[in-house]
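Below: entry.csv (CSV, C-alpha atoms and all ligand atoms)
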```csv
chain,number,residue,atom,x,y,z
P,1,MET,CA,49.2,122.6,162.5
P,2,PHE,CA,47.9,121.0,159.3
P,3,SER,CA,49.9,119.2,156.7
P,4,PRO,CA,50.9,121.4,153.6
P,5,LEU,CA,48.2,120.1,151.3
P,6,ILE,CA,45.5,120.7,153.8
P,7,LYS,CA,46.9,124.1,154.6
P,8,GLU,CA,46.8,124.9,150.9
P,9,LEU,CA,43.2,123.7,150.6
P,10,ILE,CA,42.2,125.9,153.6
P,11,GLU,CA,44.1,128.9,152.1
P,12,SER,CA,42.5,128.4,148.7
P,13,LEU,CA,39.0,128.2,150.1
P,14,ARG,CA,39.5,131.7,151.4
P,15,CYS,CA,39.2,133.1,147.8
P,16,LEU,CA,35.5,132.4,148.2
P,17,PRO,CA,33.6,135.6,149.2
P,18,GLY,CA,32.5,135.7,152.8
P,19,VAL,CA,34.8,132.8,153.8
P,20,GLY,CA,37.2,133.6,156.7
P,21,PRO,CA,40.0,131.5,158.1
P,22,LYS,CA,37.7,129.7,160.5
P,23,SER,CA,35.1,128.7,158.0
P,24,ALA,CA,37.8,127.8,155.4
P,25,GLN,CA,39.2,125.4,158.0
P,26,LYS,CA,35.8,123.9,158.7
P,27,MET,CA,35.0,123.5,155.0
P,28,ALA,CA,38.4,121.8,154.2
P,29,LEU,CA,38.0,119.3,157.1
P,30,TYR,CA,34.4,118.7,156.2
P,31,LEU,CA,35.2,117.9,152.6
P,32,LEU,CA,38.2,115.6,153.5
P,33,GLU,CA,36.5,113.8,156.4
P,34,ARG,CA,32.9,113.5,155.1
P,35,ASP,CA,32.3,114.5,151.5
P,36,SER,CA,35.2,113.6,149.2
P,37,GLN,CA,32.6,113.0,146.6
P,38,GLY,CA,31.3,116.6,146.9
P,39,ALA,CA,34.9,117.8,146.8
P,40,ASP,CA,35.6,115.9,143.7
P,41,ARG,CA,32.4,117.3,142.1
P,42,LEU,CA,33.4,120.8,143.1
P,43,ALA,CA,37.0,120.4,141.7
P,44,GLU,CA,35.5,119.1,138.4
P,45,ALA,CA,32.9,121.9,138.2
P,46,LEU,CA,35.5,124.5,138.8
P,47,ARG,CA,37.8,123.0,136.2
P,48,HIS,CA,35.0,122.8,133.6
P,49,ALA,CA,33.7,126.2,134.3
P,50,LEU,CA,37.1,127.8,134.1
P,51,ASP,CA,37.9,126.0,130.8
P,52,LYS,CA,34.6,126.7,129.0
P,53,VAL,CA,32.7,129.6,130.5
P,54,GLY,CA,33.3,132.9,128.7
P,55,ARG,CA,31.1,135.8,127.6
P,56,CYS,CA,28.0,135.8,125.4
P,57,SER,CA,29.1,137.2,122.1
P,58,GLN,CA,26.1,139.5,122.1
P,59,CYS,CA,25.3,140.6,125.7
P,60,ARG,CA,28.6,139.7,127.4
P,61,THR,CA,27.0,137.7,130.2
P,62,LEU,CA,28.7,134.6,131.5
P,63,THR,CA,28.0,131.4,129.5
P,64,GLU,CA,29.8,128.5,127.8
P,65,ASP,CA,27.8,129.1,124.6
P,66,THR,CA,28.5,131.6,121.9
P,67,LEU,CA,25.0,133.1,122.5
P,68,CYS,CA,23.5,132.9,126.0
P,69,HIS,CA,20.0,131.4,126.3
P,70,ILE,CA,18.4,134.8,126.5
P,71,CYS,CA,20.1,136.2,123.4
P,72,ALA,CA,19.3,132.9,121.6
P,73,ASP,CA,15.6,133.1,122.4
P,74,GLU,CA,13.8,134.3,119.4
P,75,GLY,CA,10.7,135.0,121.4
P,76,ARG,CA,12.3,138.0,123.1
P,77,ASN,CA,11.8,141.5,121.9
P,78,ASN,CA,15.1,142.5,120.4
P,79,LYS,CA,14.1,146.1,120.1
P,80,ARG,CA,14.4,146.5,123.8
P,81,LEU,CA,17.6,146.4,125.7
P,82,CYS,CA,18.3,146.4,129.4
P,83,ILE,CA,21.8,147.4,130.5
P,84,VAL,CA,23.0,146.0,133.8
P,85,GLU,CA,26.4,145.7,135.6
P,86,THR,CA,26.6,142.0,136.2
P,87,PRO,CA,25.2,138.6,135.3
P,88,ALA,CA,23.6,138.4,138.8
P,89,ASP,CA,21.6,141.6,137.8
P,90,VAL,CA,20.3,139.7,134.8
P,91,ILE,CA,19.1,137.0,137.0
P,92,ALA,CA,17.5,139.5,139.4
P,93,ILE,CA,15.6,141.2,136.6
P,94,GLU,CA,14.6,138.0,134.9
P,95,SER,CA,13.1,136.8,138.2
P,96,THR,CA,10.6,139.7,138.1
P,97,LYS,CA,9.2,138.4,134.8
P,98,GLN,CA,8.6,142.0,133.8
P,99,PHE,CA,11.1,142.4,131.0
P,100,ASP,CA,10.8,140.7,127.7
P,101,GLY,CA,13.7,142.3,125.9
P,102,LEU,CA,17.5,141.5,125.7
P,103,TYR,CA,20.3,142.5,128.0
P,104,PHE,CA,23.7,144.1,127.8
P,105,VAL,CA,26.0,143.2,130.7
P,106,LEU,CA,28.7,145.8,131.4
P,107,MET,CA,30.6,143.5,133.7
P,108,GLY,CA,31.3,146.4,136.0
P,109,HIS,CA,30.9,150.2,135.9
P,110,LEU,CA,33.0,153.1,134.9
P,111,SER,CA,35.8,153.5,137.4
P,112,PRO,CA,38.7,155.6,136.1
P,113,ILE,CA,40.7,155.0,139.3
P,114,ASP,CA,40.6,151.3,138.6
P,115,GLY,CA,41.3,151.8,134.9
P,116,ILE,CA,37.8,150.8,133.9
P,117,GLY,CA,36.8,152.9,131.0
P,118,PRO,CA,34.2,152.6,128.2
P,119,ASP,CA,36.2,150.0,126.3
P,120,GLU,CA,36.5,147.7,129.3
P,121,LEU,CA,32.7,147.8,129.6
P,122,GLY,CA,32.2,146.9,126.0
P,123,LEU,CA,30.5,150.2,125.1
P,124,ASP,CA,31.9,150.0,121.6
P,125,ARG,CA,30.0,146.8,121.2
P,126,LEU,CA,26.9,148.4,122.6
P,127,ASP,CA,27.3,151.1,120.0
P,128,ALA,CA,27.4,148.6,117.2
P,129,LEU,CA,24.5,146.7,118.7
P,130,SER,CA,22.3,149.8,118.7
P,131,ASP,CA,23.3,150.8,115.2
P,132,HIS,CA,22.9,147.5,113.5
P,133,GLN,CA,20.1,145.7,115.3
P,134,GLY,CA,17.6,148.5,115.4
P,135,VAL,CA,17.3,148.8,119.2
P,136,GLU,CA,14.5,151.3,119.9
P,137,GLU,CA,14.4,151.3,123.7
P,138,VAL,CA,17.1,151.0,126.3
P,139,ILE,CA,16.5,150.7,130.0
P,140,ILE,CA,19.6,151.4,132.1
P,141,ALA,CA,19.6,149.4,135.2
P,142,THR,CA,23.0,150.0,136.6
P,143,ASN,CA,23.3,150.0,140.4
P,144,SER,CA,22.0,153.0,142.4
P,145,THR,CA,25.5,153.9,143.4
P,146,VAL,CA,27.7,156.9,142.5
P,147,GLU,CA,29.5,154.8,139.9
P,148,GLY,CA,26.3,153.2,138.6
P,149,GLU,CA,24.8,156.7,138.1
P,150,ALA,CA,27.9,158.0,136.4
P,151,THR,CA,27.9,155.0,134.1
P,152,CYS,CA,24.2,155.5,133.3
P,153,HIS,CA,24.8,159.2,132.5
P,154,TYR,CA,27.7,158.3,130.2
P,155,ILE,CA,25.7,155.7,128.3
P,156,ALA,CA,22.6,157.9,128.0
P,157,GLN,CA,24.8,160.5,126.3
P,158,ILE,CA,25.9,158.0,123.7
P,159,LEU,CA,22.5,156.6,123.0
P,160,LYS,CA,20.2,159.6,123.0
P,161,PRO,CA,21.6,161.2,119.9
P,162,LYS,CA,20.8,158.1,118.0
P,163,GLY,CA,17.1,158.7,118.7
P,164,ILE,CA,16.8,155.7,121.0
P,165,ASP,CA,14.3,155.9,123.8
P,166,VAL,CA,16.5,155.8,126.9
P,167,SER,CA,15.2,155.4,130.4
P,168,ARG,CA,16.6,154.7,133.9
P,169,ILE,CA,14.9,152.3,136.3
P,170,ALA,CA,13.0,154.2,138.9
P,171,GLN,CA,14.4,155.2,142.3
P,172,GLY,CA,12.4,152.5,143.9
P,173,VAL,CA,15.7,150.9,144.5
P,174,PRO,CA,17.1,152.2,147.7
P,175,MET,CA,20.1,154.5,147.4
P,176,GLY,CA,23.4,152.6,147.7
P,177,GLY,CA,21.6,149.3,147.1
P,178,GLU,CA,23.1,146.7,144.9
P,179,LEU,CA,20.7,145.3,142.4
P,180,GLU,CA,21.2,141.6,143.2
P,181,TYR,CA,20.0,142.0,146.8
P,182,VAL,CA,16.8,143.9,146.0
P,183,ASP,CA,13.6,142.0,146.3
P,184,GLY,CA,11.6,141.2,143.2
P,185,ASN,CA,8.6,143.4,143.9
P,186,THR,CA,10.8,146.5,144.4
P,187,LEU,CA,12.6,145.7,141.2
P,188,ALA,CA,9.3,145.2,139.3
P,189,LEU,CA,8.1,148.6,140.5
P,190,ALA,CA,11.4,150.2,139.6
P,191,LEU,CA,11.1,148.8,136.1
P,192,GLU,CA,7.5,149.9,135.7
P,193,GLY,CA,8.3,153.5,137.0
P,194,ARG,CA,11.3,154.1,134.8
P,195,LYS,CA,11.7,157.7,133.7
P,196,LYS,CA,12.7,159.1,130.4
P,197,LEU,CA,16.1,160.6,130.2
C,1,MET,CA,18.6,130.9,134.1
C,2,PHE,CA,22.3,130.0,134.2
C,3,SER,CA,24.1,128.0,131.6
C,4,PRO,CA,24.6,124.3,132.5
C,5,LEU,CA,28.3,124.6,133.6
C,6,ILE,CA,27.6,127.6,135.8
C,7,LYS,CA,24.5,125.8,137.2
C,8,GLU,CA,26.7,122.8,138.0
C,9,LEU,CA,29.3,125.0,139.7
C,10,ILE,CA,26.6,126.6,141.8
C,11,GLU,CA,25.2,123.2,142.8
C,12,SER,CA,28.6,121.8,143.6
C,13,LEU,CA,29.5,124.8,145.8
C,14,ARG,CA,26.5,123.8,148.0
C,15,CYS,CA,28.5,120.8,149.2
C,16,LEU,CA,30.4,123.3,151.4
C,17,PRO,CA,29.0,123.5,154.9
C,18,GLY,CA,27.0,126.6,155.6
C,19,VAL,CA,26.6,127.5,151.9
C,20,GLY,CA,23.0,127.9,150.7
C,21,PRO,CA,21.7,128.5,147.2
C,22,LYS,CA,22.1,132.3,147.4
C,23,SER,CA,25.7,132.3,148.6
C,24,ALA,CA,26.6,129.5,146.2
C,25,GLN,CA,25.4,131.7,143.3
C,26,LYS,CA,27.3,134.6,144.7
C,27,MET,CA,30.5,132.5,145.0
C,28,ALA,CA,30.2,131.1,141.5
C,29,LEU,CA,29.7,134.4,139.8
C,30,TYR,CA,32.4,136.0,141.9
C,31,LEU,CA,34.9,133.3,140.9
C,32,LEU,CA,34.0,133.5,137.2
C,33,GLU,CA,33.8,137.3,137.0
C,34,ARG,CA,36.5,138.4,139.3
C,35,ASP,CA,38.8,135.7,140.6
C,36,SER,CA,39.5,132.9,138.0
C,37,GLN,CA,43.0,132.7,139.5
C,38,GLY,CA,41.5,131.9,142.9
C,39,ALA,CA,39.1,129.4,141.3
C,40,ASP,CA,42.0,127.7,139.6
C,41,ARG,CA,44.0,127.5,142.8
C,42,LEU,CA,41.0,126.0,144.6
C,43,ALA,CA,40.4,123.4,141.9
C,44,GLU,CA,44.1,122.4,142.1
C,45,ALA,CA,44.1,122.3,145.9
C,46,LEU,CA,41.0,120.2,146.0
C,47,ARG,CA,42.4,117.8,143.4
C,48,HIS,CA,45.8,117.5,145.2
C,49,ALA,CA,44.2,117.0,148.6
C,50,LEU,CA,41.7,114.4,147.3
C,51,ASP,CA,44.6,112.5,145.6
C,52,LYS,CA,47.1,112.6,148.5
C,53,VAL,CA,45.5,113.3,151.9
C,54,GLY,CA,44.8,110.2,153.9
C,55,ARG,CA,45.0,109.2,157.5
C,56,CYS,CA,48.1,109.2,159.8
C,57,SER,CA,49.0,105.5,160.2
C,58,GLN,CA,49.3,106.0,164.0
C,59,CYS,CA,46.7,108.5,165.2
C,60,ARG,CA,44.3,108.5,162.1
C,61,THR,CA,44.2,112.3,161.7
C,62,LEU,CA,44.2,113.7,158.2
C,63,THR,CA,47.6,114.1,156.5
C,64,GLU,CA,49.4,113.3,153.3
C,65,ASP,CA,52.3,111.8,155.2
C,66,THR,CA,52.5,108.3,156.7
C,67,LEU,CA,53.0,109.9,160.1
C,68,CYS,CA,51.4,113.3,160.9
C,69,HIS,CA,53.8,115.9,162.3
C,70,ILE,CA,52.6,115.3,165.9
C,71,CYS,CA,53.1,111.6,165.8
C,72,ALA,CA,56.5,112.2,164.1
C,73,ASP,CA,57.6,114.6,166.8
C,74,GLU,CA,60.0,112.8,169.1
C,75,GLY,CA,59.7,115.5,171.7
C,76,ARG,CA,56.1,114.6,172.5
C,77,ASN,CA,55.3,112.3,175.5
C,78,ASN,CA,54.2,109.0,173.9
C,79,LYS,CA,53.0,107.7,177.3
C,80,ARG,CA,50.1,110.1,177.2
C,81,LEU,CA,47.3,109.8,174.7
C,82,CYS,CA,44.3,112.2,174.1
C,83,ILE,CA,41.3,110.7,172.3
C,84,VAL,CA,39.2,113.0,170.2
C,85,GLU,CA,36.5,112.7,167.6
C,86,THR,CA,37.9,114.8,164.7
C,87,PRO,CA,41.1,116.5,163.4
C,88,ALA,CA,39.5,119.9,164.3
C,89,ASP,CA,39.5,118.7,167.9
C,90,VAL,CA,43.2,118.1,167.7
C,91,ILE,CA,43.7,121.6,166.5
C,92,ALA,CA,41.5,123.0,169.3
C,93,ILE,CA,43.5,121.1,172.0
C,94,GLU,CA,46.9,121.9,170.5
C,95,SER,CA,45.9,125.6,170.6
C,96,THR,CA,45.7,125.4,174.4
C,97,LYS,CA,49.4,124.4,174.5
C,98,GLN,CA,48.5,122.4,177.6
C,99,PHE,CA,49.0,118.9,176.2
C,100,ASP,CA,52.3,117.4,175.3
C,101,GLY,CA,51.3,113.8,174.5
C,102,LEU,CA,50.0,112.2,171.3
C,103,TYR,CA,46.4,111.9,169.9
C,104,PHE,CA,44.1,109.3,168.7
C,105,VAL,CA,41.4,110.5,166.3
C,106,LEU,CA,38.3,108.5,166.1
C,107,MET,CA,36.9,110.2,163.0
C,108,GLY,CA,33.5,110.2,164.6
C,109,HIS,CA,31.7,108.5,167.5
C,110,LEU,CA,29.8,105.3,168.1
C,111,SER,CA,26.5,105.5,166.2
C,112,PRO,CA,24.9,102.1,165.7
C,113,ILE,CA,22.1,103.6,163.7
C,114,ASP,CA,24.6,104.9,161.1
C,115,GLY,CA,26.5,101.6,161.2
C,116,ILE,CA,29.5,103.2,163.0
C,117,GLY,CA,30.8,100.6,165.4
C,118,PRO,CA,34.2,100.1,167.2
C,119,ASP,CA,35.9,99.0,164.0
C,120,GLU,CA,35.0,102.1,162.1
C,121,LEU,CA,36.5,104.2,164.9
C,122,GLY,CA,39.7,102.2,164.7
C,123,LEU,CA,39.4,101.0,168.3
C,124,ASP,CA,41.3,97.8,167.3
C,125,ARG,CA,44.2,100.0,166.4
C,126,LEU,CA,43.9,101.9,169.7
C,127,ASP,CA,44.0,98.6,171.5
C,128,ALA,CA,47.3,97.6,169.7
C,129,LEU,CA,48.6,101.1,170.4
C,130,SER,CA,48.0,100.9,174.1
C,131,ASP,CA,49.4,97.3,174.3
C,132,HIS,CA,52.6,97.8,172.3
C,133,GLN,CA,53.6,101.4,172.9
C,134,GLY,CA,53.3,101.4,176.7
C,135,VAL,CA,50.7,104.2,176.9
C,136,GLU,CA,50.2,105.0,180.6
C,137,GLU,CA,47.6,107.7,180.6
C,138,VAL,CA,44.6,108.3,178.3
C,139,ILE,CA,42.5,111.5,178.3
C,140,ILE,CA,39.1,111.1,176.6
C,141,ALA,CA,38.1,114.3,174.9
C,142,THR,CA,35.1,113.2,172.9
C,143,ASN,CA,32.3,115.7,172.6
C,144,SER,CA,29.9,116.4,175.4
C,145,THR,CA,27.0,114.9,173.5
C,146,VAL,CA,25.0,111.7,174.1
C,147,GLU,CA,27.1,109.9,171.4
C,148,GLY,CA,30.4,111.4,172.7
C,149,GLU,CA,29.6,110.2,176.2
C,150,ALA,CA,28.6,106.7,175.0
C,151,THR,CA,31.8,106.5,173.0
C,152,CYS,CA,33.8,107.7,176.0
C,153,HIS,CA,32.2,105.0,178.2
C,154,TYR,CA,32.9,102.3,175.7
C,155,ILE,CA,36.6,103.2,175.4
C,156,ALA,CA,37.0,103.5,179.1
C,157,GLN,CA,35.8,99.9,179.5
C,158,ILE,CA,38.4,98.7,177.1
C,159,LEU,CA,41.3,100.6,178.6
C,160,LYS,CA,40.8,100.5,182.3
C,161,PRO,CA,41.3,96.7,182.6
C,162,LYS,CA,44.8,97.3,181.1
C,163,GLY,CA,45.8,99.3,184.1
C,164,ILE,CA,45.8,102.6,182.1
C,165,ASP,CA,45.0,105.8,183.9
C,166,VAL,CA,41.9,106.9,182.0
C,167,SER,CA,40.3,110.3,182.5
C,168,ARG,CA,37.6,112.4,180.9
C,169,ILE,CA,37.9,116.2,180.3
C,170,ALA,CA,35.9,118.2,182.8
C,171,GLN,CA,32.4,119.4,181.9
C,172,GLY,CA,30.9,122.6,183.3
C,173,VAL,CA,30.4,126.3,182.8
C,174,PRO,CA,32.6,127.7,180.0
C,175,MET,CA,35.1,130.5,180.9
C,176,GLY,CA,33.4,133.9,180.8
C,177,GLY,CA,30.1,132.1,180.7
C,178,GLU,CA,27.4,134.0,182.5
C,179,LEU,CA,25.3,131.6,184.5
C,180,GLU,CA,21.9,132.8,183.3
C,181,TYR,CA,22.8,132.1,179.7
C,182,VAL,CA,24.2,128.6,180.4
C,183,ASP,CA,21.8,125.8,179.5
C,184,GLY,CA,20.4,123.6,182.2
C,185,ASN,CA,22.2,120.4,181.3
C,186,THR,CA,25.5,122.1,181.4
C,187,LEU,CA,24.7,123.7,184.8
C,188,ALA,CA,23.6,120.3,186.1
C,189,LEU,CA,26.9,118.8,185.0
C,190,ALA,CA,28.8,121.8,186.5
C,191,LEU,CA,27.0,121.2,189.8
C,192,GLU,CA,27.6,117.5,189.8
C,193,GLY,CA,31.3,118.0,189.0
C,194,ARG,CA,31.9,120.6,191.7
C,195,LYS,CA,35.3,120.7,193.3
C,196,LYS,CA,36.1,121.4,196.9
C,197,LEU,CA,37.9,124.7,197.5
P,201,ZN,ZN,23.6,137.0,125.6
P,202,ZN,ZN,49.4,111.0,163.8
```
Conversion result in structure tokens:
Amino acid sequence: MFSPLIKELIESLRCLPGVGPKSAQKMALYLLERDSQGADRLAEALRHALDKVGRCSQCRTLTEDTLCHICADEGRNNKRLCIVETPADVIAIESTKQFDGLYFVLMGHLSPIDGIGPDELGLDRLDALSDHQGVEEVIIATNSTVEGEATCHYIAQILKPKGIDVSRIAQGVPMGGELEYVDGNTLALALEGRKKL
Amino acid sequence: MFSPLIKELIESLRCLPGVGPKSAQKMALYLLERDSQGADRLAEALRHALDKVGRCSQCRTLTEDTLCHICADEGRNNKRLCIVETPADVIAIESTKQFDGLYFVLMGHLSPIDGIGPDELGLDRLDALSDHQGVEEVIIATNSTVEGEATCHYIAQILKPKGIDVSRIAQGVPMGGELEYVDGNTLALALEGRKKL
């Protein structure tokens, strides 16, 4: 019913998480009818982000800089490292204001079925990081899911022989819960109640 | 907490209707982490649509062609015209498969406060259309809102003196609507518009 370019815009909006055919149609018409300026801004922002945003060379989070603003902050305690699955998890933990160290972002979890092994998670780089930068404490804050637990276990096995103090955030996080949706207080408690592994 | 380009992507996603700060963040990270191909497609689709999509020269709906596919369809009855507020309304009526005529899309409704008068709605063009193309019947399907009603009334005053058969879509209880959940205004209209059996 729509012309090809509008159809393609509707289809391409469906790549956004949580956007079904009905809302994609609504969004496309809204942009074309009422907010071409917003649409233009969005097209530019996507283009710029795609062209420039990559990974922090140290913690692997998303950023257009070589070092993200957390890794670049000399005020942070670089003897402490928190390992998380995604950039959204960094944001979630930062929002508790309870952690003053650095992060390491796996960009996923071990998942042999999907071909995601230690290399894909940058664990070789984590190894180098712990060896050369004198990390003394590592808090593993992967999701409380089967895969997150397996990933935690694997990492602990690598780090503990190095004499690093390795802990897991407490099970204050509900089982099956994804970190980015947990409220700040629960997260703060989970950090505080971390257990030695 | 995010780098400037990611922040800008999150902000710009908020121009989409129904997208708040939390879902914008989720969408941005999803695109950058997991679907850069989808993001690229979306950026292109937005760019192409912005560059090429305009209004149908006859009915004013959104299209990249001079004439939309409905106006260009010689099988449609060009003596009948249905007037709607938006392109989405065209889609809604087309989906009923109960209308074989052409459309005229106002792209809004009369709203003096917002500076939207007859010219902004293309009513001059509607005038020309009815004079030169021999339109015999007009169905006004503007929204059942105060503005939609006012717009309907205004248009009817223009068209009726030309001897055109002008009607308004019926207002009443929606199909499957349970009376106790229908709002009072709708019920009042349904009562007023009752039909003899
Ligand atoms: Zn970093
Ligand atoms: Zn048309």
Next on the checklist: Give me, as a ChimeraX atom specification, the set of residues whose atoms come within 10 Å of any atom of ligand ZN 201 (chain P), counting only C-alpha atoms and all ligand atoms.
Outcome noted: /P:55-63,65-73,87,102-105
Item to check | Distance filter 7 Å, only C-alpha atoms, chain P against chain C, as number ranges by chain | outcome: P: 1, 3, 5-6, 8-9, 12-13, 15-17, 27, 36, 38-39, 41-43, 45-50, 63-64, 91
Checklist entry - In Å, how much C-alpha RMSD is there between chain C and chain P after the fit, with all atoms paired in order? => result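 5.5 Å is the C-alpha RMSD between the two chains.
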Quick one: residues within 12 Å of C:His132, all atoms listed in the file, excluding same-chain residues fewer than 4 positions away - as a compact mmCIF listing (two decimals) with C-alpha atoms, in the frame of the given file?
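Output file selection_1.txt is given in full below:
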```txt
# COMPACT_ATOMS: atom_id res chain seq x y z
CA ASN C 78 54.20 109.00 173.90
CA LYS C 79 53.00 107.70 177.30
CA ARG C 125 44.20 100.00 166.40
CA LEU C 126 43.90 101.90 169.70
CA ASP C 127 44.00 98.60 171.50
CA ALA C 128 47.30 97.60 169.70
CA GLU C 136 50.20 105.00 180.60
CA LYS C 162 44.80 97.30 181.10
```
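Shortest separation to ligand ZN 202 (chain P) among C:Ala188, C:Arg76, C:Ala141, C:Gly20 occurs at residue C:Arg76, atoms counted being all atoms listed in the file.
When atom CA of P:Pro118 is paired with atom CA of P:Leu159, their separation reads 13.4 Å.
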Checklist entry - What is the distance, in Å and to one decimal place, between atom CA of C:Ala170 and atom CA of C:Ile140? => result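 If I compute the distance from atom CA of C:Ala170 to atom CA of C:Ile140, I get 10.0 Å.
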Checklist entry - Can you tell me how far atom CA of C:Phe99 sits from atom CA of C:Glu74, in Å to one decimal? => result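 Here the two named atoms are 14.4 Å from each other.
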